[in-house]
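Participant: This is the structure I want to talk about, given as C-alpha cells.
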Amino acid sequence: MSGENIGDLSKEILADRYQCDRRLGKQAGRQTLLARDLKTQQQVVVKLLSFSSDFNWEDLKLFEREVETLKSLSHPAIPRYLDSFEIDTPKRKGFALVQTYIAAKSLQEYLSDGRTFSEREVKQLATALLDILAYLHQRQPPVIHRDIKPSNILLKNRSGNSVGKVYLVDFGAVQTLATQQGKTVTVVGTYGYMPPEQFGGRAVPASDLYSLGATLIALITKQHPADLPQKDLQIEFEQFTQLSSGFTNWLKWMTHPSLECRPASVQIAKEVLEKPQEINKYSQTLRLGKTLDTSRLFKNAIGRSTAAGTIAVGICTAIYKIFMYPDLQTIIEGFCLGFSLGLGNGIMIGVVTRLWFFPLTNPKLYRQVLTAISIVLCTSTSIFFFFFKIIANMRLYEGKYYFYPLDIISVLGPSLITGLSMGAITDSITRWYQKASRQ
C-alpha cells in the first residue's frame with residue numbers, strides 16, 4: 001500500500017507506543033496511517049478519528065462499530081484488531097484503532113499501474129472474496145461490509161497460475177444488524193459499487209454480492225462502474241469485455257438492481273460460479289428476508305411429519321408382522337413407533353430450520369441436510385426398536401440366545417424402509433417450506 005508524507009504528525013508517538021510514519025488514506029475527519037509499534041517493532045495500521053471542524057457524530061458511531069466488529073473477527077484474510085484508545089493531547093483529540101498491517105497493493109493500485117486481469121484470474125479473485133464474505137455473512141448476527149471496491153481489496157504473492165493472496169480491508173462502513181424501521185439511517189458506501197437498496201440505508205448480505213460483482217466488472221473493463229452505460233439500473237458491460245457467456249451471466253446476476261433477482265447467499269453465488277449451468281435453478285430466487293411465522297413452521301412440520309410417519313411406519317410394521325415375524329406381539333406397537341418417530345422428526349425439522357435456515361437462502365442444501373438427518377436418526381431408532389422386539393421374542397436354547405441371519409434381515413430391512421420413508425416425508429416438508437418461503 002502506498003502512502004504520503006504527513007508532516008509534523010510523523011514526529012508524534014501515539015499512546016506512547018505507536019510511531020507514525022506516513023498516511024495511507026484520508027477522509028473527512030479520518031486518517032489512516034502506517035506506524036511502527038515501538039514495543040514489538042512491527043508495522044501497524046492506525047486509524048484516527050479526530051474531533052475537528054468536519055467531525056460528525058455519526059462518524060463516531062461507525063468508528064466504534066468498526067472497533068467492536070474487528071475485535072470479534074478472526075480470519076487470515078482480514079486485518080486483525082490490535083488496540084484502540086482515546087487521544088487527548090494539546091495537538092489532537094479523538095480516537096484511534098490499531099490493526100495489523102498487510103504489505104500488499106490494492107486492486108485499485110494495480111489498475112492504476114495498468115495491470116490487466118484475465119477471466120481466470122478474476123474468477124480466482126471472486127472465489128477468494130466469496131470465501132471471505134461467507135465467513136462474515138455466516139456470523140451471528142451477519143457482518144455486512146457495505147464498501148467492497150478495488151481500493152479495499154489487497155493482493156500479493158502472485159505466482160504461476162495463482163492470482164495471489166486476497167485480503168479484504170477497511171471495515172469503516174461495516175454493519176452488523178439490519179437497519180431497523182424508525183431509526184435514522186446513514187447512507188455509507190461508494191457510488192458505483194453500491195446497490196440501489198443501499199442508497200435507502202438498507203444493507204443485506206446480497207448487497208455485498210452486488211458490490212463484489214461491480215468490483216469484478218471494474219477489473220475487467222478498467223472502468224469505474226458509474227462510468228459504464230446502464231439500462232434500468234443494470235450495468236451494461238458486455239461490449240467492453242470478451243468473457244464467456246456463463247461468467248457474463250453470473251456477473252449480471254450478481255449486479256442485478258433488484259434484490260429478488262440477485263443470489264440470495266454466498267453459497268449460491270459460489271455454486272453457480274463453479275457450475276454456470278446451475279443458474280437456471282435460481283432463476284426465481286427466493287425473496288431475501290421472507291420468513292414464515294415460527295408457529296406456522298412448527299405446526300406444519302410436526303403435524304405433517306407425525307401424521308405421515310404414523311401411517312407409513314405403521315403399515316411397514318404391519319407388513320413386517322404378517323410376512324416376516326408373526327411373533328411380534330401387536331401392530332399397535334408399530335403405529336406407536338410411527339407416531340413417535342413422526343413427532344420427533346417434526347420437532348427436529350422445526351428446530352433445525354429455525355436455527356440455520358430461517359430465512360431460507362439455499363434450498364438445495366436445506367433439503368439435503370434435513371433429509372440426511374431424518375434418514376440417519378429414524379433408521380438408527382428403528383434398528384434399536386426391531387432388535388429389541390426380536391430379542392424379546394427369541395427362543396432360549398441351553399441358556400443361550402441364538403441370533404440367526406434371518407433375524408439380521410428382520411432388523412435391517414424394516415429399519416431401512418422406515419428411515420427412507422421418513423426421509424421422503426422430510427423431503428416433502430422441506431419442499432413445502434421452500435414453496436411457502438416464495439409466497
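Chain labels run A, B, ... following the order of the C-alpha cells; each chain numbers its residues from 1, and ligands are numbered from 1 in the order shown.
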If you count only C-alpha atoms, which residues fall within 10 Å of Pro276 in chain A, apart from same-chain ones fewer than 3 positions away, as a list in words?
Facilitator: Ser245, Gly246, Phe247, Thr248, Asn249, Trp250, Ala269, Lys270, Glu271, Val272, Leu273, Ile279 and Asn280 of chain A
Participant: Write a file of the just-selected residues containing N, CA, C and O atoms, as a PDB file, in the first residue's frame.
Facilitator:
```
ATOM      1  N   SER A 245     -19.933 -16.713 -21.895  1.00  0.00           N
ATOM      2  CA  SER A 245     -21.334 -16.368 -21.642  1.00  0.00           C
ATOM      3  C   SER A 245     -21.739 -16.714 -20.216  1.00  0.00           C
ATOM      4  O   SER A 245     -22.511 -15.980 -19.577  1.00  0.00           O
ATOM      5  N   GLY A 246     -21.190 -17.819 -19.690  1.00  0.00           N
ATOM      6  CA  GLY A 246     -21.535 -18.216 -18.328  1.00  0.00           C
ATOM      7  C   GLY A 246     -21.081 -17.202 -17.296  1.00  0.00           C
ATOM      8  O   GLY A 246     -21.830 -16.864 -16.375  1.00  0.00           O
ATOM      9  N   PHE A 247     -19.854 -16.696 -17.444  1.00  0.00           N
ATOM     10  CA  PHE A 247     -19.333 -15.732 -16.483  1.00  0.00           C
ATOM     11  C   PHE A 247     -20.032 -14.378 -16.649  1.00  0.00           C
ATOM     12  O   PHE A 247     -20.288 -13.677 -15.669  1.00  0.00           O
ATOM     13  N   THR A 248     -20.362 -14.023 -17.885  1.00  0.00           N
ATOM     14  CA  THR A 248     -21.105 -12.783 -18.130  1.00  0.00           C
ATOM     15  C   THR A 248     -22.461 -12.824 -17.439  1.00  0.00           C
ATOM     16  O   THR A 248     -22.863 -11.866 -16.767  1.00  0.00           O
ATOM     17  N   ASN A 249     -23.165 -13.944 -17.592  1.00  0.00           N
ATOM     18  CA  ASN A 249     -24.476 -14.079 -16.949  1.00  0.00           C
ATOM     19  C   ASN A 249     -24.348 -14.033 -15.425  1.00  0.00           C
ATOM     20  O   ASN A 249     -25.213 -13.471 -14.746  1.00  0.00           O
ATOM     21  N   TRP A 250     -23.277 -14.611 -14.915  1.00  0.00           N
ATOM     22  CA  TRP A 250     -23.066 -14.614 -13.468  1.00  0.00           C
ATOM     23  C   TRP A 250     -22.856 -13.191 -12.952  1.00  0.00           C
ATOM     24  O   TRP A 250     -23.426 -12.800 -11.931  1.00  0.00           O
ATOM     25  N   ALA A 269     -24.114 -18.144  -4.864  1.00  0.00           N
ATOM     26  CA  ALA A 269     -23.264 -17.431  -5.834  1.00  0.00           C
ATOM     27  C   ALA A 269     -22.036 -18.257  -6.193  1.00  0.00           C
ATOM     28  O   ALA A 269     -21.643 -18.336  -7.365  1.00  0.00           O
ATOM     29  N   LYS A 270     -21.428 -18.889  -5.198  1.00  0.00           N
ATOM     30  CA  LYS A 270     -20.227 -19.696  -5.448  1.00  0.00           C
ATOM     31  C   LYS A 270     -20.561 -20.956  -6.236  1.00  0.00           C
ATOM     32  O   LYS A 270     -19.811 -21.379  -7.121  1.00  0.00           O
ATOM     33  N   GLU A 271     -21.705 -21.566  -5.930  1.00  0.00           N
ATOM     34  CA  GLU A 271     -22.116 -22.771  -6.658  1.00  0.00           C
ATOM     35  C   GLU A 271     -22.280 -22.480  -8.151  1.00  0.00           C
ATOM     36  O   GLU A 271     -21.817 -23.245  -8.995  1.00  0.00           O
ATOM     37  N   VAL A 272     -22.921 -21.360  -8.464  1.00  0.00           N
ATOM     38  CA  VAL A 272     -23.149 -21.024  -9.872  1.00  0.00           C
ATOM     39  C   VAL A 272     -21.859 -20.554 -10.539  1.00  0.00           C
ATOM     40  O   VAL A 272     -21.651 -20.779 -11.730  1.00  0.00           O
ATOM     41  N   LEU A 273     -20.958 -19.905  -9.788  1.00  0.00           N
ATOM     42  CA  LEU A 273     -19.671 -19.505 -10.357  1.00  0.00           C
ATOM     43  C   LEU A 273     -18.900 -20.731 -10.821  1.00  0.00           C
ATOM     44  O   LEU A 273     -18.266 -20.714 -11.889  1.00  0.00           O
ATOM     45  N   ILE A 279     -27.314 -21.879 -12.870  1.00  0.00           N
ATOM     46  CA  ILE A 279     -28.021 -20.615 -12.655  1.00  0.00           C
ATOM     47  C   ILE A 279     -29.510 -20.762 -12.895  1.00  0.00           C
ATOM     48  O   ILE A 279     -30.324 -20.033 -12.311  1.00  0.00           O
ATOM     49  N   ASN A 280     -29.892 -21.720 -13.738  1.00  0.00           N
ATOM     50  CA  ASN A 280     -31.308 -21.911 -14.029  1.00  0.00           C
ATOM     51  C   ASN A 280     -32.085 -22.369 -12.795  1.00  0.00           C
ATOM     52  O   ASN A 280     -33.296 -22.159 -12.706  1.00  0.00           O
TER      53      ASN A 280
END
```
Participant: Would you mind listing what lies within 7 Å of Asn345 in chain A as a list in words, with only C-alpha atoms counted and same-chain residues fewer than 4 positions away left out?
Facilitator: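 Counting only the stated atoms, we get Ser305, Leu341, Ile349 and Ser374 of chain A.
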Participant: Excluding range 65-82 of chain A and residues on its chain fewer than 5 positions from it, collect all residues at most 6 Å away from it, counting only C-alpha atoms, and give them as a PDB file with all heavy atoms, in the first residue's frame.
Facilitator:
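Written output follows (selection-v4.pdb):
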```
ATOM      1  N   VAL A  98      -5.972   0.432  16.149  1.00  0.00           N
ATOM      2  CA  VAL A  98      -4.734  -0.154  15.652  1.00  0.00           C
ATOM      3  C   VAL A  98      -5.025  -1.574  15.162  1.00  0.00           C
ATOM      4  O   VAL A  98      -5.671  -2.358  15.865  1.00  0.00           O
ATOM      5  CB  VAL A  98      -3.641  -0.199  16.748  1.00  0.00           C
ATOM      6  CG1 VAL A  98      -2.330  -0.726  16.172  1.00  0.00           C
ATOM      7  CG2 VAL A  98      -3.450   1.181  17.362  1.00  0.00           C
ATOM      8  N   GLN A  99      -4.560  -1.882  13.971  1.00  0.00           N
ATOM      9  CA  GLN A  99      -4.767  -3.207  13.406  1.00  0.00           C
ATOM     10  C   GLN A  99      -3.520  -3.655  12.657  1.00  0.00           C
ATOM     11  O   GLN A  99      -2.619  -2.862  12.406  1.00  0.00           O
ATOM     12  CB  GLN A  99      -5.981  -3.219  12.473  1.00  0.00           C
ATOM     13  CG  GLN A  99      -5.864  -2.256  11.307  1.00  0.00           C
ATOM     14  CD  GLN A  99      -7.175  -2.091  10.556  1.00  0.00           C
ATOM     15  OE1 GLN A  99      -8.243  -2.051  11.139  1.00  0.00           O
ATOM     16  NE2 GLN A  99      -7.080  -1.978   9.240  1.00  0.00           N
ATOM     17  N   THR A 100      -3.464  -4.926  12.308  1.00  0.00           N
ATOM     18  CA  THR A 100      -2.292  -5.457  11.616  1.00  0.00           C
ATOM     19  C   THR A 100      -2.135  -4.809  10.244  1.00  0.00           C
ATOM     20  O   THR A 100      -3.111  -4.446   9.589  1.00  0.00           O
ATOM     21  CB  THR A 100      -2.406  -6.977  11.439  1.00  0.00           C
ATOM     22  OG1 THR A 100      -3.670  -7.290  10.829  1.00  0.00           O
ATOM     23  CG2 THR A 100      -2.302  -7.686  12.770  1.00  0.00           C
ATOM     24  N   TYR A 167      -7.018 -10.111   0.298  1.00  0.00           N
ATOM     25  CA  TYR A 167      -7.389  -9.607   1.610  1.00  0.00           C
ATOM     26  C   TYR A 167      -8.501  -8.567   1.456  1.00  0.00           C
ATOM     27  O   TYR A 167      -8.516  -7.807   0.482  1.00  0.00           O
ATOM     28  CB  TYR A 167      -6.200  -8.951   2.319  1.00  0.00           C
ATOM     29  CG  TYR A 167      -5.005  -9.856   2.505  1.00  0.00           C
ATOM     30  CD1 TYR A 167      -4.050  -9.988   1.501  1.00  0.00           C
ATOM     31  CD2 TYR A 167      -4.836 -10.577   3.681  1.00  0.00           C
ATOM     32  CE1 TYR A 167      -2.953 -10.835   1.666  1.00  0.00           C
ATOM     33  CE2 TYR A 167      -3.745 -11.417   3.857  1.00  0.00           C
ATOM     34  CZ  TYR A 167      -2.807 -11.538   2.850  1.00  0.00           C
ATOM     35  OH  TYR A 167      -1.719 -12.369   3.013  1.00  0.00           O
ATOM     36  N   LEU A 168      -9.409  -8.544   2.417  1.00  0.00           N
ATOM     37  CA  LEU A 168     -10.472  -7.538   2.452  1.00  0.00           C
ATOM     38  C   LEU A 168     -10.219  -6.619   3.642  1.00  0.00           C
ATOM     39  O   LEU A 168     -10.096  -7.096   4.782  1.00  0.00           O
ATOM     40  CB  LEU A 168     -11.846  -8.202   2.587  1.00  0.00           C
ATOM     41  CG  LEU A 168     -13.063  -7.265   2.614  1.00  0.00           C
ATOM     42  CD1 LEU A 168     -13.162  -6.471   1.321  1.00  0.00           C
ATOM     43  CD2 LEU A 168     -14.340  -8.073   2.837  1.00  0.00           C
ATOM     44  N   PHE A 171     -13.088  -1.776   7.359  1.00  0.00           N
ATOM     45  CA  PHE A 171     -14.417  -2.107   7.855  1.00  0.00           C
ATOM     46  C   PHE A 171     -15.096  -0.881   8.460  1.00  0.00           C
ATOM     47  O   PHE A 171     -15.931  -0.988   9.359  1.00  0.00           O
ATOM     48  CB  PHE A 171     -14.319  -3.236   8.880  1.00  0.00           C
ATOM     49  CG  PHE A 171     -14.099  -4.587   8.246  1.00  0.00           C
ATOM     50  CD1 PHE A 171     -12.898  -4.892   7.630  1.00  0.00           C
ATOM     51  CD2 PHE A 171     -15.094  -5.543   8.237  1.00  0.00           C
ATOM     52  CE1 PHE A 171     -12.678  -6.127   7.040  1.00  0.00           C
ATOM     53  CE2 PHE A 171     -14.898  -6.783   7.643  1.00  0.00           C
ATOM     54  CZ  PHE A 171     -13.684  -7.078   7.040  1.00  0.00           C
ATOM     55  N   GLY A 172     -14.746   0.291   7.956  1.00  0.00           N
ATOM     56  CA  GLY A 172     -15.308   1.534   8.471  1.00  0.00           C
ATOM     57  C   GLY A 172     -16.768   1.718   8.172  1.00  0.00           C
ATOM     58  O   GLY A 172     -17.444   2.536   8.805  1.00  0.00           O
TER      59      GLY A 172
END
```
Participant: Residues at most 8 Å from range 206-209 of chain A, counting only C-alpha atoms, excluding those fewer than 6 positions away in the same chain, as a list of chain:residue names?
Facilitator: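 What passes the distance filter is A:Leu133, A:Ile144, A:His145, A:Arg146, A:Asp147, A:Ile148, A:Met194, A:Pro195, A:Glu197, A:Gln198, A:Met254, A:Thr255, A:Leu259, A:Arg262, A:Pro263, A:Ala264, A:Ser265, A:Val266.
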Participant: Mind dumping the selected residues with N, CA, C and O atoms as a compact mmCIF listing (two decimals), in the first residue's frame?
Facilitator:
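Final output, saved to again-v4.txt:
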```
# COMPACT_ATOMS: atom_id res chain seq x y z
N LEU A 133 -16.50 -13.42 2.39
CA LEU A 133 -17.87 -12.98 2.67
C LEU A 133 -18.68 -14.08 3.34
O LEU A 133 -19.55 -13.80 4.17
N ILE A 144 -21.99 -7.29 7.51
CA ILE A 144 -22.09 -6.80 6.13
C ILE A 144 -21.06 -5.70 5.95
O ILE A 144 -21.06 -4.71 6.68
N HIS A 145 -20.17 -5.85 4.98
CA HIS A 145 -19.05 -4.92 4.80
C HIS A 145 -19.54 -3.56 4.31
O HIS A 145 -19.11 -2.51 4.79
N ARG A 146 -20.38 -3.55 3.30
CA ARG A 146 -21.04 -2.35 2.74
C ARG A 146 -20.12 -1.43 1.92
O ARG A 146 -20.58 -0.41 1.43
N ASP A 147 -18.84 -1.76 1.77
CA ASP A 147 -17.98 -0.88 0.98
C ASP A 147 -16.92 -1.69 0.24
O ASP A 147 -15.73 -1.36 0.26
N ILE A 148 -17.35 -2.75 -0.43
CA ILE A 148 -16.43 -3.55 -1.22
C ILE A 148 -16.14 -2.83 -2.53
O ILE A 148 -17.06 -2.47 -3.28
N MET A 194 -22.27 0.63 -4.96
CA MET A 194 -23.39 0.42 -4.05
C MET A 194 -24.63 -0.06 -4.80
O MET A 194 -24.97 0.49 -5.84
N PRO A 195 -25.32 -1.06 -4.28
CA PRO A 195 -26.59 -1.49 -4.89
C PRO A 195 -27.68 -0.47 -4.58
O PRO A 195 -27.56 0.32 -3.64
N GLU A 197 -30.55 -0.61 -3.09
CA GLU A 197 -31.15 -0.61 -1.75
C GLU A 197 -30.28 0.08 -0.72
O GLU A 197 -30.77 0.58 0.29
N GLN A 198 -28.97 0.14 -0.98
CA GLN A 198 -28.07 0.75 -0.01
C GLN A 198 -28.22 2.27 0.01
O GLN A 198 -27.91 2.92 1.01
N MET A 254 -25.14 -11.12 -10.36
CA MET A 254 -24.60 -10.53 -9.13
C MET A 254 -24.95 -9.05 -9.00
O MET A 254 -25.15 -8.54 -7.90
N THR A 255 -25.00 -8.36 -10.13
CA THR A 255 -25.22 -6.91 -10.10
C THR A 255 -26.63 -6.52 -10.53
O THR A 255 -26.86 -5.39 -10.96
N LEU A 259 -33.10 -6.94 -5.50
CA LEU A 259 -32.65 -7.95 -4.54
C LEU A 259 -33.20 -9.34 -4.87
O LEU A 259 -32.49 -10.34 -4.75
N ARG A 262 -31.13 -11.30 -7.44
CA ARG A 262 -29.71 -11.47 -7.14
C ARG A 262 -29.51 -12.78 -6.38
O ARG A 262 -30.48 -13.30 -5.82
N PRO A 263 -28.29 -13.33 -6.32
CA PRO A 263 -28.07 -14.52 -5.49
C PRO A 263 -28.50 -14.24 -4.06
O PRO A 263 -28.19 -13.18 -3.50
N ALA A 264 -29.19 -15.18 -3.46
CA ALA A 264 -29.69 -14.98 -2.11
C ALA A 264 -28.63 -15.23 -1.05
O ALA A 264 -28.81 -14.86 0.10
N SER A 265 -27.50 -15.85 -1.43
CA SER A 265 -26.46 -16.13 -0.44
C SER A 265 -25.13 -16.32 -1.15
O SER A 265 -25.07 -16.55 -2.36
N VAL A 266 -24.06 -16.26 -0.38
CA VAL A 266 -22.71 -16.50 -0.91
C VAL A 266 -22.61 -17.92 -1.44
O VAL A 266 -22.00 -18.16 -2.49
```
Participant: Find the residues around Gln43 in chain A up to 8 Å (only C-alpha atoms counted), leave out those fewer than 4 positions away in its own chain, and share them as an mmCIF file with N, CA and C atoms, in the first residue's frame.
Facilitator:
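Printed below is around.cif as written:
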```
data_model
loop_
_atom_site.group_PDB
_atom_site.id
_atom_site.type_symbol
_atom_site.label_atom_id
_atom_site.label_comp_id
_atom_site.auth_asym_id
_atom_site.auth_seq_id
_atom_site.Cartn_x
_atom_site.Cartn_y
_atom_site.Cartn_z
ATOM 1 N N LEU A 34 0.283 4.598 8.508
ATOM 2 C CA LEU A 34 1.205 3.494 8.721
ATOM 3 C C LEU A 34 2.115 3.896 9.873
ATOM 4 N N ALA A 35 2.233 3.031 10.868
ATOM 5 C CA ALA A 35 3.029 3.361 12.046
ATOM 6 C C ALA A 35 3.847 2.148 12.464
ATOM 7 N N ARG A 36 4.745 2.392 13.410
ATOM 8 C CA ARG A 36 5.558 1.302 13.948
ATOM 9 C C ARG A 36 5.242 1.143 15.429
ATOM 10 N N ASP A 37 4.995 -0.080 15.812
ATOM 11 C CA ASP A 37 4.763 -0.391 17.216
ATOM 12 C C ASP A 37 6.129 -0.458 17.900
ATOM 13 N N THR A 100 -3.464 -4.926 12.308
ATOM 14 C CA THR A 100 -2.292 -5.457 11.616
ATOM 15 C C THR A 100 -2.135 -4.809 10.244
ATOM 16 N N TYR A 101 -0.891 -4.689 9.832
ATOM 17 C CA TYR A 101 -0.575 -4.103 8.531
ATOM 18 C C TYR A 101 -0.324 -5.220 7.525
#
```
Participant: Just to confirm, what's the straight-line distance from CA of Pro225 in chain A to CA of Asn56 in chain A in Å (one decimal)?
Facilitator: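 Here the two named atoms are 28.6 Å from each other.
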Participant: Please return, as a PyMOL selection string, all residues of range 151-362 of chain A that DSSP assigns to strand (DSSP E) on the basis of the backbone.
Facilitator: chain A and resi 153-156+165-168+230-231+234-235
Participant: With all heavy atoms retained, could you export that selection as an mmCIF file, in the first residue's frame?
Facilitator:
```cif
data_model
loop_
_atom_site.group_PDB
_atom_site.id
_atom_site.type_symbol
_atom_site.label_atom_id
_atom_site.label_comp_id
_atom_site.auth_asym_id
_atom_site.auth_seq_id
_atom_site.Cartn_x
_atom_site.Cartn_y
_atom_site.Cartn_z
ATOM 1 N N ILE A 153 -9.536 -3.989 -1.432
ATOM 2 C CA ILE A 153 -9.117 -5.378 -1.638
ATOM 3 C C ILE A 153 -7.630 -5.389 -1.947
ATOM 4 O O ILE A 153 -7.177 -4.728 -2.889
ATOM 5 C CB ILE A 153 -9.901 -6.034 -2.786
ATOM 6 C CG1 ILE A 153 -11.405 -6.028 -2.472
ATOM 7 C CG2 ILE A 153 -9.410 -7.460 -3.029
ATOM 8 C CD1 ILE A 153 -12.272 -6.425 -3.645
ATOM 9 N N LEU A 154 -6.865 -6.107 -1.158
ATOM 10 C CA LEU A 154 -5.416 -6.169 -1.329
ATOM 11 C C LEU A 154 -5.029 -7.499 -1.963
ATOM 12 O O LEU A 154 -5.685 -8.522 -1.771
ATOM 13 C CB LEU A 154 -4.700 -6.019 0.015
ATOM 14 C CG LEU A 154 -5.067 -4.796 0.862
ATOM 15 C CD1 LEU A 154 -4.182 -4.739 2.103
ATOM 16 C CD2 LEU A 154 -4.939 -3.516 0.050
ATOM 17 N N LEU A 155 -3.923 -7.463 -2.704
ATOM 18 C CA LEU A 155 -3.469 -8.649 -3.427
ATOM 19 C C LEU A 155 -1.952 -8.718 -3.386
ATOM 20 O O LEU A 155 -1.269 -7.730 -3.646
ATOM 21 C CB LEU A 155 -3.956 -8.587 -4.882
ATOM 22 C CG LEU A 155 -3.625 -9.758 -5.797
ATOM 23 C CD1 LEU A 155 -4.295 -11.029 -5.297
ATOM 24 C CD2 LEU A 155 -4.069 -9.443 -7.228
ATOM 25 N N LYS A 156 -1.418 -9.901 -3.052
ATOM 26 C CA LYS A 156 0.036 -10.051 -3.037
ATOM 27 C C LYS A 156 0.419 -11.505 -3.322
ATOM 28 O O LYS A 156 -0.419 -12.404 -3.326
ATOM 29 C CB LYS A 156 0.618 -9.608 -1.698
ATOM 30 C CG LYS A 156 0.351 -10.546 -0.531
ATOM 31 C CD LYS A 156 1.124 -10.087 0.702
ATOM 32 C CE LYS A 156 0.979 -11.063 1.862
ATOM 33 N NZ LYS A 156 1.766 -10.648 3.043
ATOM 34 N N LYS A 165 -2.595 -13.965 -2.964
ATOM 35 C CA LYS A 165 -3.394 -13.939 -1.743
ATOM 36 C C LYS A 165 -4.279 -12.694 -1.727
ATOM 37 O O LYS A 165 -3.814 -11.601 -2.052
ATOM 38 C CB LYS A 165 -2.491 -13.963 -0.509
ATOM 39 C CG LYS A 165 -1.722 -15.270 -0.340
ATOM 40 C CD LYS A 165 -0.913 -15.256 0.951
ATOM 41 C CE LYS A 165 -0.181 -16.578 1.134
ATOM 42 N NZ LYS A 165 0.623 -16.586 2.390
ATOM 43 N N VAL A 166 -5.510 -12.874 -1.335
ATOM 44 C CA VAL A 166 -6.507 -11.811 -1.370
ATOM 45 C C VAL A 166 -6.900 -11.428 0.059
ATOM 46 O O VAL A 166 -7.095 -12.294 0.919
ATOM 47 C CB VAL A 166 -7.758 -12.247 -2.158
ATOM 48 C CG1 VAL A 166 -8.765 -11.115 -2.242
ATOM 49 C CG2 VAL A 166 -7.367 -12.722 -3.551
ATOM 50 N N TYR A 167 -7.018 -10.111 0.298
ATOM 51 C CA TYR A 167 -7.389 -9.607 1.610
ATOM 52 C C TYR A 167 -8.501 -8.567 1.456
ATOM 53 O O TYR A 167 -8.516 -7.807 0.482
ATOM 54 C CB TYR A 167 -6.200 -8.951 2.319
ATOM 55 C CG TYR A 167 -5.005 -9.856 2.505
ATOM 56 C CD1 TYR A 167 -4.050 -9.988 1.501
ATOM 57 C CD2 TYR A 167 -4.836 -10.577 3.681
ATOM 58 C CE1 TYR A 167 -2.953 -10.835 1.666
ATOM 59 C CE2 TYR A 167 -3.745 -11.417 3.857
ATOM 60 C CZ TYR A 167 -2.807 -11.538 2.850
ATOM 61 O OH TYR A 167 -1.719 -12.369 3.013
ATOM 62 N N LEU A 168 -9.409 -8.544 2.417
ATOM 63 C CA LEU A 168 -10.472 -7.538 2.452
ATOM 64 C C LEU A 168 -10.219 -6.619 3.642
ATOM 65 O O LEU A 168 -10.096 -7.096 4.782
ATOM 66 C CB LEU A 168 -11.846 -8.202 2.587
ATOM 67 C CG LEU A 168 -13.063 -7.265 2.614
ATOM 68 C CD1 LEU A 168 -13.162 -6.471 1.321
ATOM 69 C CD2 LEU A 168 -14.340 -8.073 2.837
ATOM 70 N N GLN A 230 -25.871 2.146 -18.431
ATOM 71 C CA GLN A 230 -26.839 1.389 -17.648
ATOM 72 C C GLN A 230 -28.169 1.320 -18.379
ATOM 73 O O GLN A 230 -28.505 2.206 -19.155
ATOM 74 C CB GLN A 230 -27.053 2.025 -16.273
ATOM 75 C CG GLN A 230 -25.861 1.953 -15.351
ATOM 76 C CD GLN A 230 -26.201 2.424 -13.951
ATOM 77 O OE1 GLN A 230 -27.348 2.745 -13.643
ATOM 78 N NE2 GLN A 230 -25.197 2.464 -13.077
ATOM 79 N N LYS A 231 -28.909 0.255 -18.099
ATOM 80 C CA LYS A 231 -30.251 0.107 -18.621
ATOM 81 C C LYS A 231 -31.124 -0.399 -17.494
ATOM 82 O O LYS A 231 -30.907 -1.498 -16.976
ATOM 83 C CB LYS A 231 -30.287 -0.883 -19.798
ATOM 84 C CG LYS A 231 -31.668 -1.040 -20.417
ATOM 85 C CD LYS A 231 -31.647 -1.986 -21.599
ATOM 86 C CE LYS A 231 -33.035 -2.117 -22.225
ATOM 87 N NZ LYS A 231 -33.024 -3.067 -23.375
ATOM 88 N N GLN A 234 -29.310 -1.518 -14.484
ATOM 89 C CA GLN A 234 -28.415 -2.663 -14.674
ATOM 90 C C GLN A 234 -27.164 -2.207 -15.410
ATOM 91 O O GLN A 234 -27.245 -1.554 -16.463
ATOM 92 C CB GLN A 234 -29.106 -3.761 -15.477
ATOM 93 C CG GLN A 234 -28.220 -4.936 -15.843
ATOM 94 C CD GLN A 234 -28.128 -5.969 -14.732
ATOM 95 O OE1 GLN A 234 -29.132 -6.553 -14.326
ATOM 96 N NE2 GLN A 234 -26.919 -6.208 -14.235
ATOM 97 N N ILE A 235 -25.982 -2.525 -14.869
ATOM 98 C CA ILE A 235 -24.719 -2.145 -15.518
ATOM 99 C C ILE A 235 -24.571 -2.909 -16.826
ATOM 100 O O ILE A 235 -24.653 -4.143 -16.862
ATOM 101 C CB ILE A 235 -23.522 -2.445 -14.600
ATOM 102 C CG1 ILE A 235 -23.667 -1.709 -13.259
ATOM 103 C CG2 ILE A 235 -22.219 -2.053 -15.276
ATOM 104 C CD1 ILE A 235 -22.606 -2.078 -12.246
#
```
Participant: Could you tell me how far CA of Thr241 in chain A sits from CA of Gly189 in chain A, in Å to one decimal place?
Facilitator: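 A separation of 25.9 Å between them.
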